[in-house]
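Q: As input, take coords_31.cif (mmCIF, C-alpha atoms):
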data_data
loop_
_atom_site.label_atom_id
_atom_site.label_comp_id
_atom_site.auth_asym_id
_atom_site.auth_seq_id
_atom_site.Cartn_x
_atom_site.Cartn_y
_atom_site.Cartn_z
CA MET A 1317 -68.45 -276.56 -19.53
CA MET A 1318 -70.44 -273.75 -17.86
CA LYS A 1319 -69.11 -274.96 -14.49
CA LYS A 1320 -65.58 -274.50 -15.83
CA ILE A 1321 -66.37 -270.94 -16.90
CA ILE A 1322 -67.83 -270.13 -13.49
CA LEU A 1323 -64.69 -271.58 -11.91
CA LEU A 1324 -62.65 -269.36 -14.24
CA ILE A 1325 -64.62 -266.32 -13.06
CA THR A 1326 -63.86 -267.26 -9.46
CA ILE A 1327 -60.14 -267.53 -10.24
CA ILE A 1328 -60.14 -264.19 -12.05
CA LEU A 1329 -61.87 -262.57 -9.09
CA SER A 1330 -59.29 -263.96 -6.68
CA ILE A 1331 -56.51 -262.53 -8.83
CA LEU A 1332 -58.16 -259.15 -9.12
CA LEU A 1333 -58.73 -258.90 -5.38
CA THR A 1334 -54.99 -259.44 -4.71
CA GLY A 1335 -54.09 -256.30 -6.67
CA CYS A 1336 -52.52 -258.01 -9.72
CA TRP A 1337 -50.61 -255.61 -12.00
CA ASN A 1338 -52.89 -256.64 -14.90
CA TYR A 1339 -55.92 -255.51 -12.88
CA ARG A 1340 -59.16 -255.49 -14.81
CA GLU A 1341 -62.59 -255.37 -13.25
CA LEU A 1342 -64.63 -258.48 -13.98
CA LYS A 1343 -67.42 -256.33 -15.34
CA GLU A 1344 -65.05 -255.06 -18.06
CA LEU A 1345 -64.52 -258.55 -19.56
CA SER A 1346 -66.41 -260.53 -22.17
CA ILE A 1347 -65.16 -264.10 -22.42
CA VAL A 1348 -64.86 -265.25 -26.04
CA THR A 1349 -65.97 -268.86 -26.54
CA GLY A 1350 -65.94 -268.99 -30.35
CA MET A 1351 -64.92 -266.96 -33.40
CA ALA A 1352 -65.96 -266.96 -37.06
CA ILE A 1353 -64.28 -265.15 -39.95
CA ASP A 1354 -65.98 -264.26 -43.25
CA LYS A 1355 -65.19 -261.82 -46.03
CA ASN A 1356 -67.46 -259.24 -47.63
CA LYS A 1357 -67.23 -259.93 -51.37
CA GLU A 1358 -68.32 -256.40 -52.27
CA ASN A 1359 -65.76 -254.36 -50.33
CA GLY A 1360 -63.13 -256.98 -49.45
CA LYS A 1361 -63.41 -256.35 -45.72
CA TYR A 1362 -63.27 -259.09 -43.11
CA ILE A 1363 -66.37 -259.88 -41.06
CA VAL A 1364 -65.45 -261.11 -37.61
CA THR A 1365 -68.10 -262.73 -35.45
CA VAL A 1366 -67.54 -263.78 -31.85
CA GLU A 1367 -69.67 -265.64 -29.37
CA ILE A 1368 -69.14 -264.09 -25.99
CA THR A 1369 -70.11 -265.23 -22.52
CA THR A 1370 -70.67 -262.50 -19.96
CA PRO A 1371 -71.19 -262.96 -16.21
CA LYS A 1372 -74.39 -261.44 -14.87
CA GLY A 1373 -75.51 -260.99 -11.29
CA GLN A 1374 -73.93 -260.29 -7.91
CA LYS A 1375 -74.15 -263.28 -5.55
CA ASP A 1376 -75.41 -265.87 -8.05
CA ILE A 1377 -73.37 -265.50 -11.23
CA ASN A 1378 -75.13 -266.56 -14.44
CA MET A 1379 -73.37 -266.79 -17.78
CA ILE A 1380 -75.17 -265.13 -20.71
CA SER A 1381 -74.07 -265.93 -24.28
CA ASP A 1382 -74.42 -263.52 -27.17
CA VAL A 1383 -73.12 -263.25 -30.76
CA ILE A 1384 -71.82 -260.01 -32.27
CA SER A 1385 -70.29 -259.21 -35.68
CA ILE A 1386 -68.41 -256.31 -37.22
CA GLU A 1387 -66.40 -255.51 -40.36
CA GLY A 1388 -62.80 -254.38 -40.51
CA ASP A 1389 -60.04 -253.87 -43.05
CA THR A 1390 -58.17 -256.75 -41.38
CA VAL A 1391 -59.10 -259.37 -38.81
CA PHE A 1392 -57.20 -257.47 -36.12
CA ASP A 1393 -58.95 -254.23 -37.09
CA ALA A 1394 -62.34 -255.91 -36.77
CA VAL A 1395 -61.41 -257.45 -33.40
CA ARG A 1396 -60.54 -254.02 -32.01
CA LEU A 1397 -63.75 -252.54 -33.39
CA LEU A 1398 -65.67 -255.27 -31.60
CA ILE A 1399 -64.56 -253.72 -28.31
CA LEU A 1400 -66.35 -250.50 -29.25
CA LYS A 1401 -69.48 -252.37 -30.29
CA ASN A 1402 -69.46 -254.64 -27.25
CA GLY A 1403 -68.33 -252.01 -24.75
CA LYS A 1404 -65.99 -254.48 -23.04
CA ARG A 1405 -62.57 -255.96 -23.60
CA LEU A 1406 -62.52 -259.44 -25.07
CA TYR A 1407 -60.89 -262.25 -23.09
CA TRP A 1408 -59.57 -264.94 -25.48
CA PRO A 1409 -57.89 -267.82 -23.56
CA HIS A 1410 -61.11 -269.85 -23.37
CA ALA A 1411 -62.07 -269.57 -27.04
CA LYS A 1412 -62.79 -273.15 -28.15
CA ILE A 1413 -63.80 -272.86 -31.80
CA LEU A 1414 -62.50 -270.92 -34.83
CA ILE A 1415 -64.54 -271.16 -38.04
CA ILE A 1416 -63.20 -269.98 -41.40
CA SER A 1417 -65.58 -269.50 -44.31
CA GLU A 1418 -65.29 -271.55 -47.49
CA ASP A 1419 -64.79 -268.36 -49.55
CA ILE A 1420 -61.75 -267.35 -47.49
CA ALA A 1421 -60.38 -270.90 -47.60
CA LYS A 1422 -60.59 -270.94 -51.40
CA GLU A 1423 -58.60 -267.74 -51.85
CA GLY A 1424 -56.05 -268.55 -49.13
CA ILE A 1425 -56.42 -268.98 -45.39
CA PHE A 1426 -53.15 -267.36 -44.21
CA PRO A 1427 -54.42 -263.74 -43.88
CA ALA A 1428 -57.36 -264.86 -41.75
CA LEU A 1429 -55.15 -266.85 -39.39
CA ASP A 1430 -52.33 -264.37 -38.85
CA PHE A 1431 -53.98 -262.45 -36.01
CA VAL A 1432 -55.10 -265.63 -34.27
CA ASN A 1433 -51.62 -267.11 -34.53
CA ARG A 1434 -49.92 -263.96 -33.21
CA ASP A 1435 -52.26 -263.00 -30.40
CA ALA A 1436 -50.85 -264.08 -27.05
CA GLU A 1437 -54.29 -264.73 -25.50
CA VAL A 1438 -55.58 -267.12 -28.18
CA ARG A 1439 -54.55 -270.67 -27.35
CA ALA A 1440 -52.68 -272.70 -29.98
CA ASP A 1441 -55.01 -275.64 -29.34
CA ILE A 1442 -58.15 -273.77 -30.41
CA ARG A 1443 -60.14 -276.01 -32.75
CA ILE A 1444 -60.40 -274.80 -36.33
CA LEU A 1445 -63.11 -275.70 -38.86
CA MET A 1446 -64.21 -274.61 -42.34
CA SER A 1447 -67.83 -273.61 -42.94
CA LYS A 1448 -69.32 -275.27 -46.02
CA ASP A 1449 -72.13 -273.76 -48.12
CA CYS A 1450 -72.79 -271.00 -45.60
CA ASN A 1451 -71.11 -268.03 -43.94
CA ALA A 1452 -68.99 -268.89 -40.93
CA ARG A 1453 -71.07 -266.59 -38.73
CA ASN A 1454 -74.19 -268.63 -39.54
CA ILE A 1455 -72.70 -271.46 -37.50
CA LEU A 1456 -72.38 -269.35 -34.35
CA GLN A 1457 -75.84 -267.88 -34.90
CA GLY A 1458 -77.47 -271.31 -34.88
CA LYS A 1459 -79.52 -272.64 -31.99
CA GLU A 1460 -78.96 -275.74 -29.90
CA LYS A 1461 -80.93 -276.49 -26.74
CA ILE A 1462 -78.32 -278.83 -25.26
CA HIS A 1463 -76.03 -275.91 -24.44
CA ASP A 1464 -76.44 -272.21 -23.91
CA SER A 1465 -73.32 -271.76 -26.05
CA ILE A 1466 -72.95 -272.97 -29.65
CA SER A 1467 -69.16 -272.99 -29.25
CA PHE A 1468 -69.35 -275.27 -26.21
CA HIS A 1469 -71.79 -277.53 -28.05
CA MET A 1470 -69.45 -277.84 -31.04
CA ASN A 1471 -66.48 -278.43 -28.77
CA ASP A 1472 -68.34 -281.32 -27.11
CA MET A 1473 -69.27 -282.70 -30.54
CA MET A 1474 -65.60 -282.78 -31.47
CA ASP A 1475 -64.68 -284.41 -28.16
CA ALA A 1476 -66.99 -287.27 -29.18
CA LYS A 1477 -65.38 -287.69 -32.61
CA ASP A 1478 -63.99 -291.18 -31.95
CA ALA A 1479 -67.48 -292.64 -31.64
CA VAL A 1480 -68.55 -291.58 -35.15
CA GLN A 1481 -65.33 -290.96 -37.16
CA TYR A 1482 -67.09 -288.59 -39.58
CA PHE A 1483 -64.55 -285.79 -39.15
CA ARG A 1484 -60.97 -285.23 -38.08
CA ASP A 1485 -60.05 -282.99 -35.18
CA ALA A 1486 -57.83 -280.03 -36.12
CA ARG A 1487 -56.11 -277.58 -33.80
CA LEU A 1488 -54.53 -274.31 -34.86
CA TRP A 1489 -51.01 -275.56 -34.16
CA SER A 1490 -51.46 -278.87 -36.02
CA PHE A 1491 -53.05 -277.22 -39.06
CA LEU A 1492 -50.22 -274.67 -39.33
CA ASN A 1493 -47.65 -277.45 -38.95
CA GLU A 1494 -49.21 -279.36 -41.84
CA ILE A 1495 -49.31 -276.25 -44.02
CA SER A 1496 -45.59 -275.73 -43.44
CA SER A 1497 -44.67 -279.35 -44.20
CA LYS A 1498 -43.85 -280.51 -47.71
CA GLY A 1499 -44.72 -284.14 -46.93
CA ILE A 1500 -48.38 -283.78 -45.97
CA ALA A 1501 -51.36 -281.71 -47.14
CA PRO A 1502 -53.50 -280.02 -44.45
CA THR A 1503 -57.15 -280.81 -43.79
CA LEU A 1504 -59.95 -279.30 -41.71
CA PRO A 1505 -63.31 -280.64 -40.54
CA LYS A 1506 -66.31 -279.25 -42.42
CA THR A 1507 -69.16 -277.59 -40.57
CA PHE A 1508 -72.52 -276.40 -41.84
CA VAL A 1509 -76.03 -275.76 -40.57
CA ILE A 1510 -79.09 -277.98 -40.86
CA GLU A 1511 -82.75 -277.29 -40.14
CA SER A 1512 -84.17 -279.03 -37.09
CA GLY A 1513 -87.82 -278.15 -36.72
CA ASP A 1514 -88.02 -274.38 -36.45
CA GLU A 1515 -84.34 -274.03 -35.54
CA VAL A 1516 -81.04 -274.06 -37.38
CA VAL A 1517 -78.34 -276.14 -35.68
CA PRO A 1518 -74.65 -276.72 -36.43
CA GLU A 1519 -73.38 -280.01 -37.87
CA ILE A 1520 -69.81 -281.31 -38.31
CA ASN A 1521 -69.24 -283.88 -41.04
CA GLY A 1522 -66.55 -284.54 -43.64
CA THR A 1523 -63.12 -283.20 -44.47
CA ALA A 1524 -61.95 -280.09 -46.34
CA ILE A 1525 -58.76 -280.76 -48.32
CA PHE A 1526 -56.13 -278.07 -48.85
CA ARG A 1527 -53.15 -277.60 -51.12
CA GLU A 1528 -50.85 -275.31 -49.17
CA ASP A 1529 -53.30 -272.77 -47.70
CA LYS A 1530 -56.06 -273.06 -50.31
CA TYR A 1531 -59.17 -275.24 -50.11
CA ILE A 1532 -59.39 -277.49 -53.19
CA GLY A 1533 -61.81 -280.32 -52.41
CA GLU A 1534 -63.48 -282.50 -49.85
CA LEU A 1535 -64.26 -285.94 -48.48
CA ASP A 1536 -67.71 -286.82 -47.19
CA GLY A 1537 -68.26 -288.42 -43.79
CA LEU A 1538 -67.91 -292.03 -44.97
CA GLU A 1539 -64.76 -291.23 -46.94
CA THR A 1540 -63.39 -289.49 -43.86
CA LYS A 1541 -63.74 -292.76 -41.92
CA SER A 1542 -61.41 -294.43 -44.40
CA PHE A 1543 -59.04 -291.46 -44.34
CA LEU A 1544 -58.77 -291.69 -40.54
CA ILE A 1545 -58.03 -295.42 -40.70
CA ILE A 1546 -55.17 -294.85 -43.12
CA ILE A 1547 -53.50 -292.12 -41.06
CA GLY A 1548 -53.90 -294.05 -37.81
CA GLU A 1549 -56.40 -291.74 -36.13
CA ALA A 1550 -59.37 -294.14 -36.11
CA LYS A 1551 -59.69 -295.72 -32.68
CA GLU A 1552 -63.24 -297.03 -32.81
CA GLY A 1553 -66.24 -296.71 -35.06
CA ILE A 1554 -69.21 -298.28 -36.81
CA TYR A 1555 -68.83 -300.01 -40.19
CA VAL A 1556 -71.75 -301.38 -42.21
CA ILE A 1557 -70.85 -304.45 -44.27
CA LYS A 1558 -73.40 -305.09 -47.02
CA ASP A 1559 -74.60 -308.17 -48.97
CA ILE A 1560 -72.28 -310.61 -47.22
CA GLY A 1561 -71.43 -313.54 -49.46
CA GLY A 1562 -74.26 -312.58 -51.80
CA SER A 1563 -76.81 -313.23 -49.04
CA GLY A 1564 -78.39 -309.80 -49.27
CA GLU A 1565 -77.90 -309.38 -45.52
CA SER A 1566 -75.95 -306.61 -43.84
CA VAL A 1567 -74.04 -306.55 -40.58
CA THR A 1568 -72.99 -303.53 -38.57
CA LEU A 1569 -69.57 -303.97 -37.00
CA GLU A 1570 -68.32 -301.97 -34.05
CA SER A 1571 -64.55 -301.70 -34.01
CA PHE A 1572 -62.82 -301.54 -30.64
CA GLY A 1573 -59.21 -301.66 -31.77
CA ILE A 1574 -57.65 -300.41 -35.01
CA LYS A 1575 -53.95 -300.42 -35.79
CA SER A 1576 -52.59 -299.00 -39.02
CA LYS A 1577 -49.13 -298.41 -40.37
CA ILE A 1578 -47.81 -296.63 -43.45
CA LYS A 1579 -44.50 -298.00 -44.67
CA PRO A 1580 -42.70 -296.96 -47.89
CA GLU A 1581 -40.51 -299.63 -49.49
CA MET A 1582 -38.42 -300.17 -52.60
CA VAL A 1583 -39.67 -303.26 -54.43
CA ASN A 1584 -37.80 -304.28 -57.59
CA GLY A 1585 -36.58 -300.72 -57.99
CA GLN A 1586 -40.06 -299.21 -57.58
CA LEU A 1587 -41.17 -297.07 -54.64
CA ILE A 1588 -44.32 -298.50 -53.08
CA VAL A 1589 -46.25 -297.19 -50.09
CA LYS A 1590 -47.74 -300.07 -48.11
CA ILE A 1591 -50.68 -299.52 -45.75
CA LYS A 1592 -51.33 -302.29 -43.24
CA VAL A 1593 -54.51 -302.23 -41.16
CA GLU A 1594 -55.49 -304.57 -38.33
CA MET A 1595 -58.97 -304.29 -36.84
CA ASP A 1596 -60.74 -306.04 -33.96
CA ALA A 1597 -64.50 -305.78 -34.05
CA SER A 1598 -67.76 -307.10 -32.65
CA ILE A 1599 -71.13 -307.56 -34.29
CA GLY A 1600 -73.37 -304.70 -33.29
CA GLU A 1601 -76.37 -305.49 -35.50
CA ILE A 1602 -77.57 -308.11 -38.00
CA THR A 1603 -80.33 -307.25 -40.46
CA GLY A 1604 -81.33 -310.84 -41.23
CA ILE A 1605 -81.46 -314.32 -39.70
CA ILE A 1606 -78.02 -315.72 -40.54
CA ASP A 1607 -75.91 -316.57 -37.49
CA PHE A 1608 -72.63 -314.91 -38.40
CA MET A 1609 -71.00 -316.05 -35.14
CA ASP A 1610 -71.03 -319.60 -36.46
CA ASP A 1611 -67.40 -320.39 -37.38
CA GLY A 1612 -68.00 -320.77 -41.12
CA LYS A 1613 -70.28 -317.77 -41.39
CA ARG A 1614 -67.95 -315.66 -39.26
CA LYS A 1615 -65.08 -316.33 -41.65
CA MET A 1616 -67.36 -315.31 -44.52
CA LEU A 1617 -68.22 -312.09 -42.67
CA GLU A 1618 -64.55 -311.38 -41.92
CA GLU A 1619 -63.63 -311.86 -45.58
CA ALA A 1620 -66.48 -309.61 -46.78
CA SER A 1621 -65.48 -307.00 -44.20
CA ARG A 1622 -61.85 -307.15 -45.26
CA GLU A 1623 -62.71 -306.75 -48.96
CA GLN A 1624 -65.20 -303.92 -48.48
CA ILE A 1625 -63.07 -301.88 -46.08
CA LYS A 1626 -59.99 -302.44 -48.26
CA LYS A 1627 -61.87 -301.08 -51.27
CA ARG A 1628 -63.04 -298.03 -49.29
CA LEU A 1629 -59.45 -297.25 -48.33
CA GLU A 1630 -58.24 -297.70 -51.90
CA ASP A 1631 -61.03 -295.46 -53.22
CA VAL A 1632 -60.04 -292.63 -50.85
CA ILE A 1633 -56.38 -292.90 -51.85
CA LYS A 1634 -57.39 -292.86 -55.51
CA LYS A 1635 -59.56 -289.78 -54.98
CA ALA A 1636 -56.76 -287.88 -53.23
CA GLN A 1637 -54.32 -288.80 -56.00
CA GLN A 1638 -56.43 -288.39 -59.12
CA GLU A 1639 -58.95 -285.68 -58.22
CA TYR A 1640 -57.02 -283.48 -55.83
CA ASP A 1641 -53.35 -284.40 -56.14
CA SER A 1642 -53.06 -283.72 -52.42
CA ASP A 1643 -51.10 -285.92 -50.02
CA ILE A 1644 -53.48 -285.77 -47.06
CA PHE A 1645 -52.11 -289.08 -45.72
CA GLY A 1646 -48.58 -287.89 -45.09
CA PHE A 1647 -46.96 -290.42 -47.42
CA GLY A 1648 -44.24 -287.85 -48.08
CA ASN A 1649 -43.47 -287.53 -44.37
CA GLU A 1650 -43.16 -291.31 -44.05
CA ILE A 1651 -40.72 -291.39 -46.97
CA LYS A 1652 -38.77 -288.50 -45.43
CA TYR A 1653 -38.42 -290.26 -42.06
CA ASN A 1654 -37.88 -293.82 -43.32
CA MET A 1655 -35.99 -293.18 -46.58
CA PRO A 1656 -34.28 -289.78 -46.18
CA ASN A 1657 -32.00 -290.20 -49.19
CA MET A 1658 -34.93 -291.08 -51.42
CA TRP A 1659 -36.85 -288.07 -50.10
CA LYS A 1660 -34.02 -285.73 -51.03
CA GLU A 1661 -34.31 -286.96 -54.61
CA ILE A 1662 -38.07 -286.55 -54.95
CA GLU A 1663 -38.97 -283.74 -52.53
CA SER A 1664 -38.92 -280.97 -55.11
CA GLU A 1665 -41.30 -282.89 -57.37
CA TRP A 1666 -43.40 -284.62 -54.71
CA ASP A 1667 -46.68 -283.11 -55.95
CA ASP A 1668 -46.20 -284.90 -59.27
CA LYS A 1669 -44.80 -288.05 -57.67
CA PHE A 1670 -47.67 -288.40 -55.21
CA LYS A 1671 -50.39 -288.78 -57.83
CA GLU A 1672 -48.39 -291.54 -59.54
CA ILE A 1673 -47.02 -293.45 -56.55
CA LYS A 1674 -48.13 -297.05 -56.20
CA THR A 1675 -49.87 -298.14 -53.00
CA GLU A 1676 -50.70 -301.54 -51.53
CA VAL A 1677 -53.44 -301.89 -48.91
CA ASP A 1678 -53.57 -304.92 -46.61
CA VAL A 1679 -56.53 -305.25 -44.22
CA SER A 1680 -57.09 -307.96 -41.62
CA ILE A 1681 -60.21 -308.11 -39.43
CA GLN A 1682 -60.98 -310.32 -36.46
CA ILE A 1683 -64.55 -310.52 -35.19
CA LYS A 1684 -64.25 -311.50 -31.56
CA ARG A 1685 -67.71 -311.12 -30.08
CA SER A 1686 -71.33 -310.28 -30.76
CA ALA A 1687 -72.40 -307.77 -28.12
CA LEU A 1688 -74.75 -309.43 -25.59
CA LEU A 1689 -76.32 -311.86 -28.07
CA SER A 1690 -74.58 -314.58 -30.07
CA LYS A 1691 -77.64 -315.47 -32.15
CA PRO A 1692 -79.79 -313.27 -34.39
CA ILE A 1693 -83.47 -312.74 -33.57
CA LYS A 1694 -85.77 -315.31 -35.22
CA LYS A 1695 -89.52 -315.71 -35.52
CA GLY A 1696 -91.16 -318.62 -33.72
CA ASP A 1697 -92.38 -321.61 -35.70
#
Kindly transcribe the structure held in the file into structure tokens.

A:
Amino acid sequence: MMKKIILLITIILSILLTGCWNYRELKELSIVTGMAIDKNKENGKYIVTVEITTPKGQKDINMISDVISIEGDTVFDAVRLLILKNGKRLYWPHAKILIISEDIAKEGIFPALDFVNRDAEVRADIRILMSKDCNARNILQGKEKIHDSISFHMNDMMDAKDAVQYFRDARLWSFLNEISSKGIAPTLPKTFVIESGDEVVPEINGTAIFREDKYIGELDGLETKSFLIIIGEAKEGIYVIKDIGGSGESVTLESFGIKSKIKPEMVNGQLIVKIKVEMDASIGEITGIIDFMDDGKRKMLEEASREQIKKRLEDVIKKAQQEYDSDIFGFGNEIKYNMPNMWKEIESEWDDKFKEIKTEVDVSIQIKRSALLSKPIKKGD
């Protein structure tokens, strides 16, 4: 990522040297890599924190990251005041991460996003997260040795989301689209800080659930896995299947192909949303001595996997319906696109309909291989 920034500096220099009308000396720029927005509970002012990367040196350019914060009556006011504090203009097109505090999300996220959405330099694909149990600026003030920049580190973490499936990616444009849609409730990934030795480092895990623009609840990392399967955004992942056939043994499956489909149907005059999931997987780990690649044992493992994953999906649907009454799955959108006449009848009362709608979950799993080994490890006689 630092190489990309250095390349950006080179491009900017080439533009400046050609006498571009938007001429700005390189030394006058601070490149914003991440932004956090909090609110002062005592005076109601916004606290804007940015991580900036500044080029240093003449021949050999080094990128130095720093974090600065300031208060303002609005987000835009604080951003302008940052220029005075920093002494340089802020350059926004390479901002990767936007973090909104839990307190702001609870009272309504629109005011905090208006500047970001309007500003021509901020990209619509900036990633947006909600800080949980801490101020948003605490995330950018954390330490991580892998990168010089916390924002770059978090961006790389989100690039690797498919391997873990503990959070859903969210961009500014997609989040705003979901807020404006009647048929789906918006979500954001949760971020927080954890202690690692003497340092505090950022973590991303779980899902913040919204009703319109207000944060109302959450899913943990394991529940988020099931959520992603239902909405068709799970591509791969690790799934632990416990106590297979009452054996007390567990198997870790690694999925390498997941297909899911949401289909609303009228069945005997009743609207039912059907969720069909097909998964291909391999055995990544066995905790005991049973050979689950044996035909009979493999079928037992497939059945246990089907039942356990099906229950996890049903539990997440139940939680969204009964605890939060929030259609995070987009069932309403599927009804709108597949049954437009039905949607016209129920759209105005969809919030009430969603928590009562019947769902049917069908899961099929095929275990096709067992990594490099087909047999579990056994002790010698």

Q: Can you tell me, as a compact mmCIF listing (two decimals) with C-alpha atoms, in the frame of the given file, which residues sit within 9 Å of (-53.5, -286.5, -57.0) in the file's frame, using only C-alpha atoms?

A:
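File produced: part_15.txt:
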# COMPACT_ATOMS: atom_id res chain seq x y z
CA ILE A 1633 -56.38 -292.90 -51.85
CA LYS A 1634 -57.39 -292.86 -55.51
CA LYS A 1635 -59.56 -289.78 -54.98
CA ALA A 1636 -56.76 -287.88 -53.23
CA GLN A 1637 -54.32 -288.80 -56.00
CA GLN A 1638 -56.43 -288.39 -59.12
CA GLU A 1639 -58.95 -285.68 -58.22
CA TYR A 1640 -57.02 -283.48 -55.83
CA ASP A 1641 -53.35 -284.40 -56.14
CA SER A 1642 -53.06 -283.72 -52.42
CA ASP A 1643 -51.10 -285.92 -50.02
CA ASP A 1667 -46.68 -283.11 -55.95
CA ASP A 1668 -46.20 -284.90 -59.27
CA LYS A 1669 -44.80 -288.05 -57.67
CA PHE A 1670 -47.67 -288.40 -55.21
CA LYS A 1671 -50.39 -288.78 -57.83
CA GLU A 1672 -48.39 -291.54 -59.54

Q: Rounded to one decimal, what separation in Å do you get between CA of Lys1355 in chain A and CA of Leu1400 in chain A?

A: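 These two atoms are separated by 20.3 Å.
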
Q: Counting all atoms listed in the file, which residue out of A:Asp1441, A:Asp1475, A:Glu1367, A:Glu1519 sits closest to Arg1487 in chain A?

A: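 Closest to Arg1487 in chain A, using all atoms listed in the file: A:Asp1441.
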
Q: Could you produce a table of the residues of range 1580-1658 of chain A lying within 12 Å of range 1559-1575 of chain A, with the nearest pair of atoms per residue and their separation in Å rounded to one decimal, using all atoms listed in the file, ordered by chain and increasing residue number, as a tab-separated table?

A:
residue	atom	partner	partner_atom	distance
A:Ile1591	CA	A:Lys1575	CA	10.5
A:Lys1592	CA	A:Lys1575	CA	8.1
A:Val1593	CA	A:Lys1575	CA	5.7
A:Glu1594	CA	A:Lys1575	CA	5.1
A:Met1595	CA	A:Ile1574	CA	4.5
A:Asp1596	CA	A:Gly1573	CA	5.1
A:Ala1597	CA	A:Ser1571	CA	4.1
A:Ser1598	CA	A:Glu1570	CA	5.3
A:Ile1599	CA	A:Leu1569	CA	4.8
A:Gly1600	CA	A:Leu1569	CA	5.4
A:Glu1601	CA	A:Thr1568	CA	5.0
A:Ile1602	CA	A:Val1567	CA	4.6
A:Thr1603	CA	A:Ser1566	CA	5.6
A:Gly1604	CA	A:Glu1565	CA	5.7
A:Ile1605	CA	A:Glu1565	CA	8.4
A:Ile1606	CA	A:Glu1565	CA	8.1
A:Asp1607	CA	A:Val1567	CA	10.7
A:Phe1608	CA	A:Val1567	CA	8.8
A:Met1609	CA	A:Val1567	CA	11.4
A:Gly1612	CA	A:Gly1561	CA	11.6
A:Lys1613	CA	A:Gly1561	CA	9.2
A:Arg1614	CA	A:Ile1560	CA	10.4
A:Lys1615	CA	A:Gly1561	CA	10.4
A:Met1616	CA	A:Gly1561	CA	6.6
A:Leu1617	CA	A:Ile1560	CA	6.3
A:Glu1618	CA	A:Ile1560	CA	9.4
A:Glu1619	CA	A:Gly1561	CA	8.9
A:Ala1620	CA	A:Ile1560	CA	5.9
A:Ser1621	CA	A:Ile1560	CA	8.3
A:Arg1622	CA	A:Ile1560	CA	11.2
A:Glu1623	CA	A:Ile1560	CA	10.5
A:Gln1624	CA	A:Ile1560	CA	9.8
A:Ile1625	CA	A:Leu1569	CA	11.4

Q: Which one of A:Phe1483, A:Ile1683, A:Val1348, A:Asn1451 sits closest to Lys1404 in chain A if you count all atoms listed in the file?

A: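 Of A:Phe1483, A:Ile1683, A:Val1348, A:Asn1451, the one nearest Lys1404 in chain A, counting all atoms listed in the file, is A:Val1348.
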
Q: A:Glu1552, A:Asp1631, A:Asp1464, A:Glu1515: which is nearest Ala1476 in chain A, counting only C-alpha atoms?

A: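 Once distances to Ala1476 in chain A are computed over only C-alpha atoms, the minimum belongs to A:Glu1552.
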
Q: So which residues get picked by the PyMOL selection byres ((chain A and resi 1489-1492) around 10) here, written as number ranges by chain?

A: A: 1426, 1429, 1433, 1439-1444, 1485-1488, 1493-1497, 1501-1504, 1528-1529

Q: Just write the chosen residues, C-alpha atoms, as a PDB file, in the coordinates of the input.

A:
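Once everything was written out, this is result-v6.pdb:
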ATOM      1  CA  PHE A1426     -53.150-267.360 -44.210  1.00  0.00           C
ATOM      2  CA  LEU A1429     -55.150-266.850 -39.390  1.00  0.00           C
ATOM      3  CA  ASN A1433     -51.620-267.110 -34.530  1.00  0.00           C
ATOM      4  CA  ARG A1439     -54.550-270.670 -27.350  1.00  0.00           C
ATOM      5  CA  ALA A1440     -52.680-272.700 -29.980  1.00  0.00           C
ATOM      6  CA  ASP A1441     -55.010-275.640 -29.340  1.00  0.00           C
ATOM      7  CA  ILE A1442     -58.150-273.770 -30.410  1.00  0.00           C
ATOM      8  CA  ARG A1443     -60.140-276.010 -32.750  1.00  0.00           C
ATOM      9  CA  ILE A1444     -60.400-274.800 -36.330  1.00  0.00           C
ATOM     10  CA  ASP A1485     -60.050-282.990 -35.180  1.00  0.00           C
ATOM     11  CA  ALA A1486     -57.830-280.030 -36.120  1.00  0.00           C
ATOM     12  CA  ARG A1487     -56.110-277.580 -33.800  1.00  0.00           C
ATOM     13  CA  LEU A1488     -54.530-274.310 -34.860  1.00  0.00           C
ATOM     14  CA  ASN A1493     -47.650-277.450 -38.950  1.00  0.00           C
ATOM     15  CA  GLU A1494     -49.210-279.360 -41.840  1.00  0.00           C
ATOM     16  CA  ILE A1495     -49.310-276.250 -44.020  1.00  0.00           C
ATOM     17  CA  SER A1496     -45.590-275.730 -43.440  1.00  0.00           C
ATOM     18  CA  SER A1497     -44.670-279.350 -44.200  1.00  0.00           C
ATOM     19  CA  ALA A1501     -51.360-281.710 -47.140  1.00  0.00           C
ATOM     20  CA  PRO A1502     -53.500-280.020 -44.450  1.00  0.00           C
ATOM     21  CA  THR A1503     -57.150-280.810 -43.790  1.00  0.00           C
ATOM     22  CA  LEU A1504     -59.950-279.300 -41.710  1.00  0.00           C
ATOM     23  CA  GLU A1528     -50.850-275.310 -49.170  1.00  0.00           C
ATOM     24  CA  ASP A1529     -53.300-272.770 -47.700  1.00  0.00           C
TER      25      ASP A1529
END
